[in-house]
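J.: Provided below: work.json, containing JSON, C-alpha atoms and all ligand atoms.
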[["chain", "number", "residue", "atom", "x", "y", "z"],
["A", 191, "MET", "CA", 12.74, 5.24, -9.24],
["A", 192, "LYS", "CA", 13.51, 3.50, -5.96],
["A", 193, "ARG", "CA", 11.58, 4.45, -2.82],
["A", 194, "ASP", "CA", 13.17, 4.44, 0.63],
["A", 195, "PHE", "CA", 11.41, 4.51, 3.98],
["A", 196, "LEU", "CA", 13.84, 6.38, 6.22],
["A", 197, "THR", "CA", 11.32, 8.51, 8.09],
["A", 198, "VAL", "CA", 7.53, 8.72, 8.11],
["A", 199, "TRP", "CA", 8.00, 11.87, 6.01],
["A", 200, "ASP", "CA", 8.91, 9.69, 3.01],
["A", 201, "LEU", "CA", 5.22, 8.73, 2.69],
["A", 202, "SER", "CA", 2.21, 10.87, 1.85],
["A", 203, "GLY", "CA", -0.91, 10.84, 4.01],
["A", 204, "SER", "CA", -2.76, 8.75, 1.44],
["A", 205, "GLU", "CA", 0.12, 6.25, 1.18],
["A", 206, "ILE", "CA", 0.03, 5.85, 4.96],
["A", 207, "GLU", "CA", -3.72, 5.28, 4.81],
["A", 208, "TYR", "CA", -3.21, 2.68, 2.07],
["A", 209, "LEU", "CA", -0.51, 0.88, 4.13],
["A", 210, "ILE", "CA", -2.74, 0.70, 7.19],
["A", 211, "LYS", "CA", -5.64, -0.76, 5.22],
["A", 212, "ARG", "CA", -3.35, -3.18, 3.41],
["A", 213, "SER", "CA", -1.77, -4.28, 6.70],
["A", 214, "ILE", "CA", -5.22, -5.10, 8.08],
["A", 215, "GLU", "CA", -6.06, -6.97, 4.89],
["A", 216, "LEU", "CA", -2.84, -9.00, 5.09],
["A", 217, "LYS", "CA", -3.56, -9.75, 8.76],
["A", 218, "SER", "CA", -6.93, -11.21, 7.74],
["A", 219, "GLY", "CA", -5.11, -13.81, 5.63],
["A", 220, "VAL", "CA", -5.92, -12.31, 2.23],
["A", 221, "ASP", "CA", -3.15, -13.14, -0.26],
["A", 222, "ALA", "CA", -1.50, -15.47, 2.27],
["A", 223, "ASN", "CA", -0.37, -17.82, -0.48],
["A", 224, "LYS", "CA", 0.96, -15.16, -2.80],
["A", 225, "CYS", "CA", 4.69, -14.57, -2.94],
["A", 226, "PRO", "CA", 5.09, -11.13, -4.56],
["A", 227, "LEU", "CA", 8.81, -10.97, -3.73],
["A", 228, "LEU", "CA", 9.69, -14.44, -4.99],
["A", 229, "GLY", "CA", 13.30, -14.69, -6.15],
["A", 230, "LYS", "CA", 14.46, -11.50, -4.43],
["A", 231, "SER", "CA", 17.05, -11.23, -1.66],
["A", 232, "ILE", "CA", 16.67, -8.69, 1.14],
["A", 233, "GLY", "CA", 19.41, -7.83, 3.63],
["A", 234, "MET", "CA", 19.15, -6.62, 7.20],
["A", 235, "ILE", "CA", 22.07, -4.70, 8.76],
["A", 236, "PHE", "CA", 21.61, -4.17, 12.50],
["A", 237, "GLN", "CA", 23.99, -2.20, 14.73],
["A", 238, "LYS", "CA", 21.70, -2.59, 17.77],
["A", 239, "SER", "CA", 19.75, -5.40, 19.44],
["A", 240, "SER", "CA", 16.24, -6.23, 18.27],
["A", 241, "THR", "CA", 13.52, -8.75, 18.98],
["A", 242, "ARG", "CA", 10.38, -7.47, 17.21],
["A", 243, "THR", "CA", 11.88, -5.62, 14.24],
["A", 244, "ARG", "CA", 14.31, -8.36, 13.36],
["A", 245, "ILE", "CA", 11.94, -11.30, 13.72],
["A", 246, "SER", "CA", 8.90, -9.63, 12.19],
["A", 247, "PHE", "CA", 10.90, -8.57, 9.13],
["A", 248, "GLU", "CA", 12.53, -11.99, 8.80],
["A", 249, "VAL", "CA", 9.17, -13.77, 9.01],
["A", 250, "GLY", "CA", 7.48, -11.21, 6.76],
["A", 251, "ILE", "CA", 10.17, -11.46, 4.08],
["A", 252, "TYR", "CA", 9.87, -15.26, 4.16],
["A", 253, "GLN", "CA", 6.07, -15.06, 3.85],
["A", 254, "LEU", "CA", 6.42, -12.74, 0.84],
["A", 255, "GLY", "CA", 8.62, -15.32, -0.86],
["A", 256, "ALA", "CA", 12.01, -13.60, -0.68],
["A", 257, "GLN", "CA", 15.30, -14.68, 0.86],
["A", 258, "VAL", "CA", 16.45, -12.77, 3.96],
["A", 259, "ILE", "CA", 20.10, -12.29, 4.92],
["A", 260, "TYR", "CA", 20.65, -10.97, 8.44],
["A", 261, "LEU", "CA", 23.93, -9.14, 8.81],
["A", 262, "ASN", "CA", 25.16, -8.13, 12.22],
["A", 263, "SER", "CA", 27.18, -5.06, 11.32],
["A", 264, "SER", "CA", 30.15, -6.37, 13.30],
["A", 265, "ASP", "CA", 30.42, -9.32, 10.88],
["A", 266, "LEU", "CA", 30.83, -7.03, 7.87],
["A", 267, "GLN", "CA", 33.99, -5.33, 6.63],
["A", 268, "LEU", "CA", 32.25, -2.13, 7.78],
["A", 269, "ASN", "CA", 33.60, -3.15, 11.15],
["A", 270, "ARG", "CA", 37.14, -2.96, 9.77],
["A", 271, "GLY", "CA", 36.75, 0.42, 8.15],
["A", 272, "GLU", "CA", 35.15, -0.29, 4.74],
["A", 273, "SER", "CA", 33.10, 2.82, 3.98],
["A", 274, "ILE", "CA", 29.33, 2.96, 4.12],
["A", 275, "SER", "CA", 29.19, 4.11, 0.50],
["A", 276, "ASP", "CA", 31.38, 1.24, -0.78],
["A", 277, "THR", "CA", 29.36, -1.26, 1.26],
["A", 278, "ALA", "CA", 26.12, 0.12, -0.18],
["A", 279, "LYS", "CA", 27.48, -0.03, -3.76],
["A", 280, "VAL", "CA", 28.57, -3.64, -3.32],
["A", 281, "LEU", "CA", 25.33, -4.78, -1.68],
["A", 282, "SER", "CA", 23.40, -3.11, -4.53],
["A", 283, "ARG", "CA", 24.80, -5.84, -6.79],
["A", 284, "TYR", "CA", 23.14, -8.60, -4.71],
["A", 285, "LEU", "CA", 20.14, -7.28, -2.82],
["A", 286, "SER", "CA", 16.79, -5.69, -3.74],
["A", 287, "ALA", "CA", 16.31, -3.97, -0.38],
["A", 288, "ILE", "CA", 17.94, -3.43, 3.00],
["A", 289, "VAL", "CA", 16.43, -3.00, 6.45],
["A", 290, "MET", "CA", 18.84, -1.05, 8.67],
["A", 291, "ARG", "CA", 19.04, -0.37, 12.41],
["A", 292, "THR", "CA", 21.69, 2.19, 13.30],
["A", 293, "TYR", "CA", 22.84, 4.64, 15.92],
["A", 294, "GLN", "CA", 23.22, 7.87, 13.89],
["A", 295, "HIS", "CA", 20.39, 8.54, 11.47],
["A", 296, "SER", "CA", 22.96, 9.97, 9.04],
["A", 297, "THR", "CA", 24.35, 6.42, 8.58],
["A", 298, "ILE", "CA", 21.05, 5.30, 7.03],
["A", 299, "ASP", "CA", 20.83, 8.46, 4.93],
["A", 300, "GLU", "CA", 24.34, 7.93, 3.60],
["A", 301, "PHE", "CA", 23.73, 4.24, 2.91],
["A", 302, "ALA", "CA", 20.51, 5.05, 1.05],
["A", 303, "GLN", "CA", 22.30, 7.54, -1.20],
["A", 304, "HIS", "CA", 24.58, 4.79, -2.49],
["A", 305, "PHE", "CA", 22.28, 1.74, -2.47],
["A", 306, "SER", "CA", 20.24, 1.06, -5.62],
["A", 307, "GLY", "CA", 17.30, -0.67, -3.91],
["A", 308, "SER", "CA", 14.93, 0.43, -1.17],
["A", 309, "VAL", "CA", 16.33, 1.18, 2.27],
["A", 310, "ILE", "CA", 13.94, 0.72, 5.20],
["A", 311, "ASN", "CA", 14.74, 2.25, 8.58],
["A", 312, "GLY", "CA", 14.34, -0.39, 11.28],
["A", 313, "LEU", "CA", 15.17, 2.29, 13.94],
["A", 314, "SER", "CA", 17.81, 4.95, 14.23],
["A", 315, "ASP", "CA", 18.59, 7.29, 17.13],
["A", 316, "ASN", "CA", 16.07, 9.76, 15.71],
["A", 317, "HIS", "CA", 13.33, 7.78, 13.98],
["A", 318, "HIS", "CA", 11.36, 4.53, 14.16],
["A", 319, "PRO", "CA", 9.00, 4.82, 11.17],
["A", 320, "CYS", "CA", 8.00, 1.14, 10.84],
["A", 321, "GLN", "CA", 6.89, 1.20, 14.46],
["A", 322, "ALA", "CA", 4.72, 4.25, 13.77],
["A", 323, "ILE", "CA", 2.92, 2.49, 10.90],
["A", 324, "ALA", "CA", 2.16, -0.54, 13.09],
["A", 325, "ASP", "CA", 0.98, 1.85, 15.82],
["A", 326, "LEU", "CA", -1.45, 3.67, 13.53],
["A", 327, "MET", "CA", -2.68, 0.28, 12.32],
["A", 328, "THR", "CA", -3.28, -0.80, 15.94],
["A", 329, "ILE", "CA", -5.14, 2.40, 16.78],
["A", 330, "TYR", "CA", -7.26, 2.12, 13.62],
["A", 331, "GLU", "CA", -8.08, -1.54, 14.38],
["A", 332, "SER", "CA", -9.16, -0.65, 17.89],
["A", 333, "LYS", "CA", -10.95, 2.68, 17.34],
["A", 334, "GLY", "CA", -12.07, 2.34, 13.69],
["A", 335, "ILE", "CA", -10.80, 5.83, 12.90],
["A", 336, "LEU", "CA", -7.60, 7.89, 13.06],
["A", 337, "ARG", "CA", -8.65, 11.43, 12.22],
["A", 338, "GLY", "CA", -9.48, 13.30, 15.43],
["A", 339, "ILE", "CA", -8.13, 10.64, 17.80],
["A", 340, "LYS", "CA", -6.25, 12.04, 20.80],
["A", 341, "LEU", "CA", -2.97, 10.17, 21.23],
["A", 342, "VAL", "CA", -1.05, 10.99, 24.38],
["A", 343, "TYR", "CA", 2.59, 9.98, 24.60],
["A", 344, "ILE", "CA", 4.10, 10.16, 28.07],
["A", 345, "GLY", "CA", 7.85, 9.93, 28.47],
["A", 346, "ASP", "CA", 11.00, 10.60, 26.51],
["A", 347, "GLY", "CA", 10.81, 12.65, 23.30],
["A", 348, "ASN", "CA", 12.89, 9.99, 21.54],
["A", 349, "ASN", "CA", 12.94, 8.21, 18.17],
["A", 350, "VAL", "CA", 9.52, 6.61, 18.76],
["A", 351, "ALA", "CA", 8.01, 9.96, 19.81],
["A", 352, "ASN", "CA", 9.51, 11.74, 16.77],
["A", 353, "SER", "CA", 8.00, 9.19, 14.38],
["A", 354, "LEU", "CA", 4.63, 9.34, 16.17],
["A", 355, "VAL", "CA", 4.61, 13.14, 15.77],
["A", 356, "GLU", "CA", 5.20, 12.76, 12.03],
["A", 357, "ALA", "CA", 2.68, 9.92, 11.65],
["A", 358, "SER", "CA", 0.04, 11.81, 13.64],
["A", 359, "ALA", "CA", 0.41, 14.93, 11.50],
["A", 360, "LYS", "CA", 0.05, 12.89, 8.30],
["A", 361, "ALA", "CA", -2.90, 10.82, 9.60],
["A", 362, "GLY", "CA", -4.89, 13.67, 11.21],
["A", 363, "VAL", "CA", -4.31, 12.37, 14.75],
["A", 364, "ASN", "CA", -4.03, 14.90, 17.60],
["A", 365, "ILE", "CA", -0.87, 14.14, 19.54],
["A", 366, "THR", "CA", 0.03, 15.41, 23.00],
["A", 367, "ILE", "CA", 3.48, 14.70, 24.41],
["A", 368, "ALA", "CA", 4.04, 14.99, 28.16],
["A", 369, "CYS", "CA", 7.72, 14.90, 29.08],
["A", 370, "PRO", "CA", 10.10, 16.48, 31.58],
["A", 371, "PRO", "CA", 11.45, 19.86, 30.40],
["A", 372, "GLY", "CA", 14.46, 19.28, 28.16],
["A", 373, "PHE", "CA", 13.21, 15.90, 26.85],
["A", 374, "GLU", "CA", 10.83, 17.15, 24.16],
["A", 375, "PRO", "CA", 10.78, 15.53, 20.72],
["A", 376, "ASP", "CA", 13.10, 16.99, 18.08],
["A", 377, "ASN", "CA", 12.16, 20.61, 17.51],
["A", 378, "ASP", "CA", 12.76, 20.52, 13.73],
["A", 379, "ILE", "CA", 10.52, 17.47, 13.40],
["A", 380, "VAL", "CA", 7.76, 19.11, 15.43],
["A", 381, "GLN", "CA", 8.05, 22.34, 13.44],
["A", 382, "ARG", "CA", 7.92, 20.54, 10.09],
["A", 383, "ALA", "CA", 4.86, 18.56, 11.24],
["A", 384, "ARG", "CA", 3.13, 21.76, 12.41],
["A", 385, "ASN", "CA", 3.88, 23.44, 9.08],
["A", 386, "TYR", "CA", 2.41, 20.43, 7.26],
["A", 387, "ILE", "CA", -0.75, 20.63, 9.39],
["A", 388, "SER", "CA", -1.21, 24.32, 8.75],
["A", 389, "TYR", "CA", -0.36, 24.07, 5.02],
["A", 390, "ASN", "CA", -2.92, 21.29, 4.61],
["A", 391, "LYS", "CA", -5.48, 23.10, 6.79],
["A", 392, "SER", "CA", -5.73, 19.90, 8.84],
["A", 393, "SER", "CA", -7.49, 20.03, 12.17],
["A", 394, "SER", "CA", -4.82, 17.93, 13.89],
["A", 395, "GLU", "CA", -2.76, 19.42, 16.71],
["A", 396, "ILE", "CA", 0.63, 18.80, 18.29],
["A", 397, "VAL", "CA", 0.72, 19.77, 21.95],
["A", 398, "ILE", "CA", 3.80, 19.51, 24.14],
["A", 399, "LEU", "CA", 3.44, 19.88, 27.88],
["A", 400, "HIS", "CA", 5.03, 18.70, 31.10],
["A", 401, "ASN", "CA", 2.13, 17.52, 33.25],
["A", 402, "PRO", "CA", 1.07, 13.90, 32.54],
["A", 403, "PHE", "CA", -2.23, 14.28, 34.45],
["A", 404, "GLU", "CA", -3.21, 17.26, 32.32],
["A", 405, "ALA", "CA", -2.16, 15.40, 29.16],
["A", 406, "VAL", "CA", -4.23, 12.28, 29.80],
["A", 407, "LYS", "CA", -7.54, 14.15, 30.01],
["A", 408, "ASP", "CA", -9.89, 13.01, 27.20],
["A", 409, "ALA", "CA", -7.19, 10.83, 25.66],
["A", 410, "ASP", "CA", -8.18, 7.92, 23.40],
["A", 411, "VAL", "CA", -4.71, 6.38, 23.40],
["A", 412, "LEU", "CA", -1.97, 6.46, 26.03],
["A", 413, "TYR", "CA", 1.50, 5.51, 24.78],
["A", 414, "THR", "CA", 4.88, 5.18, 26.39],
["A", 415, "ASP", "CA", 8.37, 3.94, 25.63],
["A", 416, "VAL", "CA", 11.51, 3.28, 27.66],
["A", 417, "TRP", "CA", 13.20, 6.18, 29.41],
["A", 418, "VAL", "CA", 16.67, 4.99, 28.39],
["A", 419, "SER", "CA", 16.94, 4.16, 24.71],
["A", 420, "MET", "CA", 19.66, 2.01, 23.18],
["A", 421, "GLY", "CA", 22.90, 3.97, 23.14],
["A", 422, "GLN", "CA", 21.91, 6.19, 26.11],
["A", 423, "GLU", "CA", 22.98, 3.79, 28.85],
["A", 424, "LYS", "CA", 25.54, 6.23, 30.28],
["A", 425, "ASP", "CA", 22.72, 8.68, 31.12],
["A", 426, "ALA", "CA", 20.51, 6.00, 32.67],
["A", 427, "GLU", "CA", 20.54, 7.12, 36.29],
["A", 428, "VAL", "CA", 19.95, 10.80, 35.50],
["A", 429, "LYS", "CA", 17.12, 9.95, 33.11],
["A", 430, "LYS", "CA", 15.41, 7.57, 35.54],
["A", 431, "SER", "CA", 15.30, 10.27, 38.19],
["A", 432, "ARG", "CA", 14.03, 12.93, 35.75],
["A", 433, "PHE", "CA", 11.26, 10.63, 34.46],
["A", 434, "LYS", "CA", 9.99, 9.14, 37.72],
["A", 435, "ASP", "CA", 6.75, 11.21, 37.61],
["A", 436, "TYR", "CA", 6.02, 10.09, 34.03],
["A", 437, "GLN", "CA", 5.08, 6.48, 34.73],
["A", 438, "LEU", "CA", 1.98, 4.80, 33.28],
["A", 439, "ASN", "CA", 0.43, 3.49, 36.50],
["A", 440, "SER", "CA", -3.07, 3.00, 37.92],
["A", 441, "GLN", "CA", -3.09, 6.48, 39.45],
["A", 442, "LEU", "CA", -2.51, 8.08, 36.04],
["A", 443, "LEU", "CA", -5.06, 5.73, 34.43],
["A", 444, "SER", "CA", -7.66, 6.82, 36.99],
["A", 445, "TYR", "CA", -7.59, 10.27, 35.29],
["A", 446, "ALA", "CA", -8.25, 8.72, 31.86],
["A", 447, "ASN", "CA", -11.38, 7.65, 29.98],
["A", 448, "LYS", "CA", -12.43, 4.08, 30.76],
["A", 449, "ASP", "CA", -12.08, 2.98, 27.13],
["A", 450, "ILE", "CA", -8.56, 4.37, 26.71],
["A", 451, "ILE", "CA", -6.10, 2.02, 25.02],
["A", 452, "VAL", "CA", -2.57, 1.70, 26.35],
["A", 453, "MET", "CA", 0.30, 1.19, 23.95],
["A", 454, "HIS", "CA", 4.01, 0.46, 24.27],
["A", 455, "CYS", "CA", 6.35, -0.30, 21.38],
["A", 456, "LEU", "CA", 8.28, -2.74, 23.65],
["A", 457, "PRO", "CA", 10.65, -3.78, 25.08],
["A", 458, "ALA", "CA", 9.12, -2.51, 28.34],
["A", 459, "HIS", "CA", 11.08, -1.79, 31.47],
["A", 460, "ARG", "CA", 8.33, -2.83, 33.86],
["A", 461, "GLY", "CA", 8.41, -0.80, 37.05],
["A", 462, "GLU", "CA", 9.99, 2.17, 35.24],
["A", 463, "GLU", "CA", 7.88, 3.74, 32.48],
["A", 464, "ILE", "CA", 4.96, 1.33, 33.03],
["A", 465, "THR", "CA", 3.75, -0.80, 35.92],
["A", 466, "ASP", "CA", 2.91, -4.52, 35.67],
["A", 467, "GLU", "CA", -0.68, -3.67, 36.46],
["A", 468, "VAL", "CA", -1.04, -1.38, 33.44],
["A", 469, "MET", "CA", 1.03, -3.57, 31.10],
["A", 470, "ASP", "CA", -1.04, -6.64, 31.96],
["A", 471, "GLY", "CA", -4.32, -4.73, 32.21],
["A", 472, "GLN", "CA", -7.20, -5.18, 29.78],
["A", 473, "ASN", "CA", -6.68, -1.77, 28.13],
["A", 474, "CYS", "CA", -3.13, -2.59, 27.04],
["A", 475, "LEU", "CA", -2.62, -3.53, 23.38],
["A", 476, "ALA", "CA", 1.18, -3.80, 23.44],
["A", 477, "PHE", "CA", 1.21, -7.40, 22.25],
["A", 478, "ASP", "CA", -1.25, -6.69, 19.41],
["A", 479, "GLN", "CA", 1.03, -3.82, 18.49],
["A", 480, "ALA", "CA", 3.98, -6.23, 18.41],
["A", 481, "GLU", "CA", 2.03, -8.66, 16.20],
["A", 482, "ASN", "CA", 1.05, -5.81, 13.91],
["A", 483, "ARG", "CA", 4.71, -5.15, 13.15],
["A", 484, "LEU", "CA", 4.62, -8.32, 11.05],
["A", 485, "HIS", "CA", 1.54, -7.38, 9.01],
["A", 486, "SER", "CA", 2.52, -3.76, 8.49],
["A", 487, "GLU", "CA", 6.07, -4.61, 7.52],
["A", 488, "LYS", "CA", 4.74, -6.99, 4.88],
["A", 489, "ALA", "CA", 2.60, -4.14, 3.54],
["A", 490, "ILE", "CA", 5.63, -1.80, 3.54],
["A", 491, "LEU", "CA", 7.84, -4.35, 1.75],
["A", 492, "GLU", "CA", 5.19, -5.19, -0.83],
["A", 493, "PHE", "CA", 4.68, -1.44, -1.48],
["A", 494, "LEU", "CA", 8.36, -0.49, -1.74],
["A", 495, "VAL", "CA", 10.35, -3.39, -3.08],
["A", 496, "LYS", "CA", 10.43, -3.71, -6.87],
["B", 501, "LIG", "N1", 9.66, -2.16, 19.08],
["B", 501, "LIG", "C1", 10.83, -2.58, 18.58],
["B", 501, "LIG", "O1", 11.36, -2.03, 17.63],
["B", 501, "LIG", "O2", 11.35, -3.65, 19.23],
["B", 501, "LIG", "P1", 12.77, -4.29, 18.97],
["B", 501, "LIG", "O3", 13.82, -3.35, 19.48],
["B", 501, "LIG", "O4", 12.74, -5.58, 19.74],
["B", 501, "LIG", "O5", 12.94, -4.53, 17.50],
["B", 502, "LIG", "N1", 13.37, 4.20, 22.09],
["B", 502, "LIG", "C1", 13.74, 2.81, 22.13],
["B", 502, "LIG", "C2", 12.87, 2.02, 21.21],
["B", 502, "LIG", "C3", 13.13, 0.56, 21.17],
["B", 502, "LIG", "C4", 12.24, -0.15, 20.21],
["B", 502, "LIG", "C5", 15.20, 2.68, 21.75],
["B", 502, "LIG", "O1", 15.65, 3.35, 20.81],
["B", 502, "LIG", "O2", 15.91, 1.89, 22.38]]
Any chance you could give the structure as structure tokens?

T.:
Amino acid sequence: MKRDFLTVWDLSGSEIEYLIKRSIELKSGVDANKCPLLGKSIGMIFQKSSTRTRISFEVGIYQLGAQVIYLNSSDLQLNRGESISDTAKVLSRYLSAIVMRTYQHSTIDEFAQHFSGSVINGLSDNHHPCQAIADLMTIYESKGILRGIKLVYIGDGNNVANSLVEASAKAGVNITIACPPGFEPDNDIVQRARNYISYNKSSSEIVILHNPFEAVKDADVLYTDVWVSMGQEKDAEVKKSRFKDYQLNSQLLSYANKDIIVMHCLPAHRGEEITDEVMDGQNCLAFDQAENRLHSEKAILEFLVK
């Protein structure tokens, strides 16, 4: 049966652990000359801009031996009204897998219902699961452990935050989100993650609060993302004023442990959610995180695509 990766929830805790270890193995150069996807063709349909997701998947697919076909959604007949289901049925006849970046998450869900191969979510309005796997890999590389780590996310409870909540619950990470009231991560996602934690008698915790200085206390990892995600441009000015006290800057860092690591999925809006000083500081792993997209996506592809 085909496996999709539409949200972190599609993977079990042990599958996530396997993917992190395999990503680190692939990064070390093991199996560099093997082409497990030789002869396959993989499509990428993107409705939004991308630097890291697009290029890391394109390079990763090439390194695994498959052909990649990048499809800007405006070049497809989708743009002229062909239905998602018909498009998915047609592409099933050519492609073994699809990486999709969409606005509504329901677009990916609908596509996956009608596509015979694996569908991988390269970001939707609600989820960014591939980013979360690369993030856990980066934390594990740096700290040598995931269970019990305190990850603090400061900023908008957006797609990246939702996927980090899910990934943290599955990996035993304690996650604290500090955001302005009204910008919390999706309540259903948080509830499902809390239910998972309690059902599995895991010690991990999901804490949501509004004071970034309180949040950063005893943190191992400090994470942020843009205040205005793709598709939210019309709310930009309101959001920037609501988030101005949620910046990763040297004042906030002065409340943190000295060995804290700073993460950002990128692209960064320097001077908004993060200052130059913190982005370019020695605690910041944002560019390792970006590199790790390549290794973790290869692990995801190798695991899913048959
Ligand atoms: N982090 C991330 O997904 O970056 P892109 O939007 O450049 O793909
Ligand atoms: N939250 C951001 C992430 C970009 C990688 C967005 O959706 O634009």

J.: Which value, in Å to one decimal, gives the distance between CA of Asn390 in chain A and CA of Gly362 in chain A?

T.: 10.3 Å

J.: What's the 7 Å shell around range 237-250 of chain A, counting all atoms listed in the file, without same-chain residues fewer than 6 positions away, as number ranges by chain?

T.: A: 258, 262-263, 291-292, 312, 480, 483-484, 487-488

J.: Give me, as a list in words, all polymer residues having an atom no more than 10 Å from Met191 in chain A, counting all atoms listed in the file and skipping those fewer than 5 positions away in the same chain.

T.: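 Once the nearby chain positions are removed, what remains is Ser306, Gly307, Ser308 and Lys496 of chain A.
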
J.: If the limit is 7 Å from any atom of ligand LIG 502 (chain B), counting all atoms listed in the file, which residues qualify? Return them as a PDB file with C-alpha atoms, keeping the file's coordinate frame.

T.:
ATOM      1  CA  LEU A 313      15.170   2.290  13.940  1.00  0.00           C
ATOM      2  CA  ASP A 315      18.590   7.290  17.130  1.00  0.00           C
ATOM      3  CA  ASN A 348      12.890   9.990  21.540  1.00  0.00           C
ATOM      4  CA  ASN A 349      12.940   8.210  18.170  1.00  0.00           C
ATOM      5  CA  VAL A 350       9.520   6.610  18.760  1.00  0.00           C
ATOM      6  CA  ASP A 415       8.370   3.940  25.630  1.00  0.00           C
ATOM      7  CA  VAL A 416      11.510   3.280  27.660  1.00  0.00           C
ATOM      8  CA  VAL A 418      16.670   4.990  28.390  1.00  0.00           C
ATOM      9  CA  SER A 419      16.940   4.160  24.710  1.00  0.00           C
ATOM     10  CA  MET A 420      19.660   2.010  23.180  1.00  0.00           C
ATOM     11  CA  CYS A 455       6.350  -0.300  21.380  1.00  0.00           C
ATOM     12  CA  LEU A 456       8.280  -2.740  23.650  1.00  0.00           C
ATOM     13  CA  PRO A 457      10.650  -3.780  25.080  1.00  0.00           C
TER      14      PRO A 457
END

J.: Excluding Phe301 in chain A and its own-chain neighbours fewer than 5 positions away, which residues fall within 12 Å of it when counting all atoms listed in the file? Please give them as a list of chain:residue names.

T.: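 Here the answer would be A:Asp194, A:Leu196, A:Ile235, A:Leu268, A:Ser273, A:Ile274, A:Ser275, A:Asp276, A:Thr277, A:Ala278, A:Lys279, A:Val280, A:Leu281, A:Ser282, A:Ala287, A:Ile288, A:Val289, A:Met290, A:Arg291, A:Thr292, A:Gln294, A:His295, A:Ser296, A:Ser306, A:Gly307, A:Ser308, A:Val309, A:Ile310, A:Asn311.
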
J.: Which residue gives the smallest distance to ligand LIG 501 (chain B) among A:Asp200, A:Asp325, A:Asp449, A:Asp346, with all atoms listed in the file counted?

T.: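 Distance minimum relative to ligand LIG 501 (chain B) lands on A:Asp325.
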
J.: Please measure the separation of CA of Pro371 in chain A and CA of Phe433 in chain A, giving the value in Å to one decimal.

T.: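 It comes out at 10.1 Å.
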
J.: Can you tell me, as a tab-separated table (two decimals) with C-alpha atoms, keeping the file's coordinate frame, what residues are no more than 12 Å from Glu205 in chain A when counting all atoms listed in the file, ignoring any on the same chain fewer than 2 positions away?

T.:
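Full text of around-v8.tsv as output:
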chain	number	residue	atom	x	y	z
A	195	PHE	CA	11.41	4.51	3.98
A	198	VAL	CA	7.53	8.72	8.11
A	199	TRP	CA	8.00	11.87	6.01
A	200	ASP	CA	8.91	9.69	3.01
A	201	LEU	CA	5.22	8.73	2.69
A	202	SER	CA	2.21	10.87	1.85
A	203	GLY	CA	-0.91	10.84	4.01
A	207	GLU	CA	-3.72	5.28	4.81
A	208	TYR	CA	-3.21	2.68	2.07
A	209	LEU	CA	-0.51	0.88	4.13
A	210	ILE	CA	-2.74	0.70	7.19
A	211	LYS	CA	-5.64	-0.76	5.22
A	212	ARG	CA	-3.35	-3.18	3.41
A	323	ILE	CA	2.92	2.49	10.90
A	357	ALA	CA	2.68	9.92	11.65
A	360	LYS	CA	0.05	12.89	8.30
A	361	ALA	CA	-2.90	10.82	9.60
A	489	ALA	CA	2.60	-4.14	3.54
A	490	ILE	CA	5.63	-1.80	3.54
A	493	PHE	CA	4.68	-1.44	-1.48
A	494	LEU	CA	8.36	-0.49	-1.74

J.: Within 6 Å of Leu227 in chain A, counting all atoms listed in the file, which residues show up once you throw out same-chain ones fewer than 2 positions away? Write them as a list in words, please.

T.: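 Skipping anything fewer than 2 positions along the chain leaves Cys225, Lys230, Leu254, Gly255 and Ala256 of chain A.
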
J.: May I have the selected residues written with C-alpha atoms, as a PDB file, in the frame of the given file?

T.:
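After the write, result.pdb holds the following:
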ATOM      1  CA  CYS A 225       4.690 -14.570  -2.940  1.00  0.00           C
ATOM      2  CA  LYS A 230      14.460 -11.500  -4.430  1.00  0.00           C
ATOM      3  CA  LEU A 254       6.420 -12.740   0.840  1.00  0.00           C
ATOM      4  CA  GLY A 255       8.620 -15.320  -0.860  1.00  0.00           C
ATOM      5  CA  ALA A 256      12.010 -13.600  -0.680  1.00  0.00           C
TER       6      ALA A 256
END

J.: Which residue out of A:Asp478, A:Asp466, A:Glu272, A:Asp378 has the minimum interatomic distance to ligand LIG 501 (chain B) when all atoms listed in the file are used?

T.: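 Under the stated criterion, the closest residue is A:Asp478.
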
J.: Which residue gives the smallest distance to ligand LIG 501 (chain B) among A:Gln257, A:Gln437, A:Ser314, A:Ser431, with all atoms listed in the file counted?

T.: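 Of the candidates, the smallest distance to ligand LIG 501 (chain B) is held by A:Ser314.
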
J.: Residues proximal to (12.8, 1.2, 38.5) were defined as those with any atom within 12 Å of that point in the file's coordinates, counting only C-alpha atoms. Which are they, as a VMD selection string?

T.: chain A and resid 416 to 418 426 to 427 429 to 431 433 to 435 437 458 to 466

J.: Could you state the separation of CA of Phe373 in chain A and CA of Asn482 in chain A in Å, given to one decimal place?

T.: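 CA of Phe373 in chain A sits 28.0 Å away from CA of Asn482 in chain A.
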
J.: Compare A:Ser486, A:Ser440, A:Asn364, A:Gln321 by their minimum atom-to-atom distance to ligand LIG 501 (chain B), counting all atoms listed in the file, and give me the closest one.

T.: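 For ligand LIG 501 (chain B), the nearest of the given residues is A:Gln321.
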
J.: Can you work out which one of A:Glu331, A:Asp221, A:Glu492, A:Glu481 has the shortest atom-to-atom distance to ligand LIG 501 (chain B), counting only C-alpha atoms and all ligand atoms?

T.: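 Going through A:Glu331, A:Asp221, A:Glu492, A:Glu481 one by one, the smallest distance to ligand LIG 501 (chain B) is for A:Glu481.
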
J.: Between A:Leu438, A:Leu475, A:Leu261, A:Ile232, which one has atoms that come closest to Leu491 in chain A, using only C-alpha atoms?

T.: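 Once distances to Leu491 in chain A are computed over only C-alpha atoms, the minimum belongs to A:Ile232.
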